[in-house]
Amino acid sequence: MSAHIIDGKAFAATVRAKVAGHVSRMAEEHGITPGLAVVLVGEDPASQVYVRNKGKQTVECGMASFEHKLDADTDEATLLALVERLNADPAVHGILVQLPLPAHLNSDLIINTIAPEKDVDGFHVVNVGRLGAGLKAMVPCTPLGSLMMLKDYHGDLSGKSAVVIGRSNIVGKPMAQLLLGANATPTIAHSRTPDLEGVVRQADIVVAAVGRPEMVRGDWIKPGATVIDVGINRVPAPEKGEGKHKIVGDVHFESAVEVAGAITPVPGGVGPMTIACLLANTVTAAARSANLPEPEGLTA
Ligand code: NDP
């Protein structure tokens with residue numbers, strides 16, 4: 001039996017529509033236009049594409065977009081001064097510094113200089129701590145999008161066992177915290193986990209955030225489990241022509257789709273949800289800054 005395909009592209013469109021609805025209500029009822037500032041240092045081509053997409057979708061949802069492009073050799077003091085200016089700017093509700101930064105810049109210092117309430121990536125230590133403590137936080141976008149898809153598909157996650165493969169600060173760890181907060185029972189697996197296949201086979205929910213193309217095979221998956229594939233891996237695709245590439249996930253889709261109950265594809269699964277959740281976090285930050293109620297359906 002073939003699994004239900006969780007359509008991240010369609011789901012992201014519904015999240016963006018909710019964001020746009022909240023934005024127009026905030027403008028009409030409170031005269032507030034949520035604003036997102038994105039800071040890009042250097043010329044990394046992938047980062048330039050991300051920043052362009054973020055800016056475009058921000059504007060399409062009715063929000064203000066502020067792009068700050070700095071040269072690759074920008075010094076730390078200049079970047080910190082810009083972050084401080086954005087922290088103080090009342091038109092800016094969300095600040096995102098595009099990672100990775102050039103090697104001469106201290107990413108931790110810069111991220112932790114962003115005002116926690118404007119940290120729409122959820123990477124500031126205050127937000128990491130608040131999420132861990134079960135308090136209101138800004139939640140990292142990729143795990144937030146993954147949780148939204150899981151809740152939409154399952155409703156209640158209580159009683160579900162989950163395995164998150166990967167323990168990074170941006171995906172694996174916050175994903176496990178969110179699952180715990182939703183009353184699932186998560187296990188975090190990583191490169192030193194013995195019998196990874198056996199661990200994965202126990203889980204009702206598998207979240208793969210490893211960065212290894214198609215590592216998780218169908219025969220690792222418990223029949224009927226829900227599989228969220230966070231991986232984005234560029235691999236050669238000779239079948240498309242010489243020198244061509246394609247994007248695959250961390251899960252071997254063709255075998256997993258035959259065993260799982262539901263699965264996210266790559267591309268078109270978690271990826272589109274990440275930017276949608278960035279927009280959601282910006283609206284949430286704007287609402288919190290004005291002491292308005294939490295925007296419904298956009299938070300964990
Ligand atoms: P990291 O490289 O920071 O973390 C990878 C994790 O996977 C580590 O915890 C590592 O373990 C673990 N790991 C590596 N190899 C193995 C293995 N053989 N067995 C078990 N665990 C292993 O990656 P990220 O968390 O940043 O990203 C993970 C994937 O998600 C990547 O493909 C990335 O491109 C994608 N991604 C997608 C996003 C989206 O928008 N859809 C956003 C962010 C990331 P250890 O800690 O022991 O080294």
# chains A, B, ... in the order shown; residues from 1 in each chain; ligands from 1

$ residues_around --residues "Leu40 in chain A" --least-positions-apart "2" --cutoff "7 Å" --atoms "only C-alpha atoms" --output "PyMOL selection string"
chain A and resi 38+42+68-70+97-98

$ write_last_selection --atoms "C-alpha atoms" --output "short mmCIF file (atom, residue, chain, number, x, y, z; two decimals), in the first residue's frame"
data_model
loop_
_atom_site.label_atom_id
_atom_site.label_comp_id
_atom_site.auth_asym_id
_atom_site.auth_seq_id
_atom_site.Cartn_x
_atom_site.Cartn_y
_atom_site.Cartn_z
CA VAL A 38 16.83 40.09 6.44
CA GLY A 42 28.49 38.13 1.12
CA HIS A 68 20.34 44.62 4.09
CA LYS A 69 23.08 43.32 1.82
CA LEU A 70 26.60 43.72 3.11
CA VAL A 97 20.69 37.08 9.73
CA GLN A 98 21.20 34.65 6.87
#

$ select_by_dssp --residues "range 155-293 of chain A" --states "strand (DSSP E or B)" --output "JSON, numbers by chain"
{"A": [161, 162, 163, 164, 165, 185, 186, 187, 188, 189, 205, 206, 207, 208, 216, 226, 227, 228, 229, 233, 234, 235, 236, 245, 246, 247, 248, 251, 262, 263]}

$ closest_residue --among "A:Pro236, A:Pro45, A:Pro174, A:Pro293" --to "Pro143 in chain A" --atoms "only C-alpha atoms"
A:Pro174

$ residues_near_ligand --ligand "ligand 1" --cutoff "8 Å" --atoms "only C-alpha atoms and all ligand atoms" --output "MDAnalysis selection string"
chainID A and resid 141:142 165:172 189:193 196 208:213 215 229:233 249:250 269:275

$ select_by_dssp --residues "range 3-240 of chain A" --states "alpha helix (DSSP H)" --output "PyMOL selection string"
chain A and resi 8-30+45-60+76-88+107-111+125-132+141-154+172-181+196-201

$ write_last_selection --atoms "C-alpha atoms" --output "compact mmCIF listing (two decimals), in the first residue's frame"
# COMPACT_ATOMS: atom_id res chain seq x y z
CA GLY A 8 4.09 20.72 1.97
CA LYS A 9 3.67 23.10 -0.94
CA ALA A 10 -0.13 23.18 -0.56
CA PHE A 11 0.09 23.33 3.25
CA ALA A 12 2.59 26.22 3.07
CA ALA A 13 0.09 28.09 0.86
CA THR A 14 -2.57 27.72 3.57
CA VAL A 15 -0.12 28.99 6.21
CA ARG A 16 0.74 32.00 4.03
CA ALA A 17 -2.98 32.70 3.54
CA LYS A 18 -3.45 32.67 7.33
CA VAL A 19 -0.46 34.99 7.71
CA ALA A 20 -1.92 37.38 5.11
CA GLY A 21 -5.27 37.34 6.95
CA HIS A 22 -3.62 38.21 10.28
CA VAL A 23 -1.53 40.91 8.60
CA SER A 24 -4.53 42.64 7.06
CA ARG A 25 -6.49 42.47 10.36
CA MET A 26 -3.52 43.92 12.24
CA ALA A 27 -3.27 46.77 9.74
CA GLU A 28 -7.04 47.49 9.80
CA GLU A 29 -7.66 47.14 13.52
CA HIS A 30 -4.37 48.29 15.02
CA PRO A 45 24.49 32.00 -4.35
CA ALA A 46 22.19 29.69 -2.33
CA SER A 47 21.78 32.37 0.37
CA GLN A 48 20.98 34.99 -2.27
CA VAL A 49 18.16 32.78 -3.61
CA TYR A 50 16.78 32.19 -0.09
CA VAL A 51 16.87 35.90 0.74
CA ARG A 52 15.14 36.82 -2.53
CA ASN A 53 12.37 34.26 -1.88
CA LYS A 54 11.92 35.40 1.70
CA GLY A 55 11.62 39.05 0.64
CA LYS A 56 9.15 38.23 -2.15
CA GLN A 57 6.89 36.11 0.07
CA THR A 58 7.04 38.67 2.89
CA VAL A 59 5.69 41.37 0.58
CA GLU A 60 3.08 39.02 -0.95
CA GLU A 76 31.94 42.37 13.00
CA ALA A 77 31.46 45.83 14.55
CA THR A 78 29.58 47.04 11.46
CA LEU A 79 27.29 44.00 11.46
CA LEU A 80 26.64 44.24 15.21
CA ALA A 81 25.81 47.95 14.83
CA LEU A 82 23.27 47.10 12.10
CA VAL A 83 21.65 44.43 14.31
CA GLU A 84 21.43 46.94 17.18
CA ARG A 85 19.80 49.49 14.85
CA LEU A 86 17.23 46.90 13.73
CA ASN A 87 16.61 45.90 17.38
CA ALA A 88 15.69 49.53 18.09
CA SER A 107 27.80 33.74 14.23
CA ASP A 108 26.91 32.97 17.86
CA LEU A 109 27.74 36.50 18.97
CA ILE A 110 25.74 38.04 16.14
CA ILE A 111 22.68 35.79 16.60
CA VAL A 125 19.92 31.21 23.46
CA VAL A 126 16.98 32.84 25.25
CA ASN A 127 14.55 31.29 22.76
CA VAL A 128 16.37 27.95 22.92
CA GLY A 129 16.02 28.04 26.71
CA ARG A 130 12.41 29.16 26.64
CA LEU A 131 11.47 26.35 24.23
CA GLY A 132 13.27 23.85 26.46
CA CYS A 141 11.07 27.58 11.35
CA THR A 142 11.90 24.12 9.97
CA PRO A 143 10.88 22.17 13.09
CA LEU A 144 7.83 24.43 13.52
CA GLY A 145 6.74 23.65 9.95
CA SER A 146 7.33 19.94 10.52
CA LEU A 147 5.24 19.99 13.70
CA MET A 148 2.42 21.86 11.95
CA MET A 149 2.29 19.16 9.25
CA LEU A 150 2.29 16.38 11.87
CA LYS A 151 -0.51 18.03 13.87
CA ASP A 152 -2.51 18.68 10.73
CA TYR A 153 -2.25 15.04 9.67
CA HIS A 154 -2.63 13.35 13.07
CA GLY A 172 16.98 18.00 15.54
CA LYS A 173 17.00 19.37 19.09
CA PRO A 174 14.13 21.87 18.70
CA MET A 175 12.12 19.23 16.80
CA ALA A 176 12.41 16.86 19.75
CA GLN A 177 11.38 19.66 22.17
CA LEU A 178 8.31 20.41 20.05
CA LEU A 179 7.32 16.75 19.92
CA LEU A 180 7.70 16.54 23.68
CA GLY A 181 5.58 19.68 24.06
CA LEU A 196 19.84 3.14 14.25
CA GLU A 197 17.63 0.99 12.04
CA GLY A 198 16.20 -0.80 15.07
CA VAL A 199 15.57 2.51 16.85
CA VAL A 200 13.80 3.96 13.80
CA ARG A 201 11.69 0.82 13.41

$ closest_residue --among "A:Leu298, A:Val163, A:Val216, A:Val259" --to "Ala285 in chain A" --atoms "only C-alpha atoms"
A:Leu298

$ closest_residue --among "A:Val139, A:Ala162, A:Ala300, A:Ala260" --to "Pro116 in chain A" --atoms "only C-alpha atoms"
A:Val139

$ atom_distance --atom1 "CA of Thr282 in chain A" --atom2 "CA of Pro140 in chain A"
11.8 Å

$ atom_distance --atom1 "CA of Gly35 in chain A" --atom2 "CA of Leu279 in chain A"
9.6 Å

$ decode --residues "range 125-145 of chain A" --atoms "C-alpha atoms" --output "mmCIF file, in the first residue's frame"
data_model
loop_
_atom_site.group_PDB
_atom_site.id
_atom_site.type_symbol
_atom_site.label_atom_id
_atom_site.label_comp_id
_atom_site.auth_asym_id
_atom_site.auth_seq_id
_atom_site.Cartn_x
_atom_site.Cartn_y
_atom_site.Cartn_z
ATOM 1 C CA VAL A 125 19.916 31.213 23.459
ATOM 2 C CA VAL A 126 16.977 32.843 25.246
ATOM 3 C CA ASN A 127 14.553 31.294 22.763
ATOM 4 C CA VAL A 128 16.374 27.953 22.915
ATOM 5 C CA GLY A 129 16.018 28.040 26.706
ATOM 6 C CA ARG A 130 12.407 29.160 26.640
ATOM 7 C CA LEU A 131 11.472 26.354 24.230
ATOM 8 C CA GLY A 132 13.272 23.846 26.465
ATOM 9 C CA ALA A 133 11.472 25.190 29.532
ATOM 10 C CA GLY A 134 8.082 24.960 27.818
ATOM 11 C CA LEU A 135 7.664 28.771 27.805
ATOM 12 C CA LYS A 136 6.463 31.028 24.994
ATOM 13 C CA ALA A 137 9.401 31.260 22.541
ATOM 14 C CA MET A 138 10.257 32.059 18.962
ATOM 15 C CA VAL A 139 10.519 28.549 17.489
ATOM 16 C CA PRO A 140 12.943 27.617 14.657
ATOM 17 C CA CYS A 141 11.072 27.580 11.354
ATOM 18 C CA THR A 142 11.905 24.116 9.971
ATOM 19 C CA PRO A 143 10.880 22.170 13.091
ATOM 20 C CA LEU A 144 7.827 24.428 13.515
ATOM 21 C CA GLY A 145 6.735 23.646 9.946
#
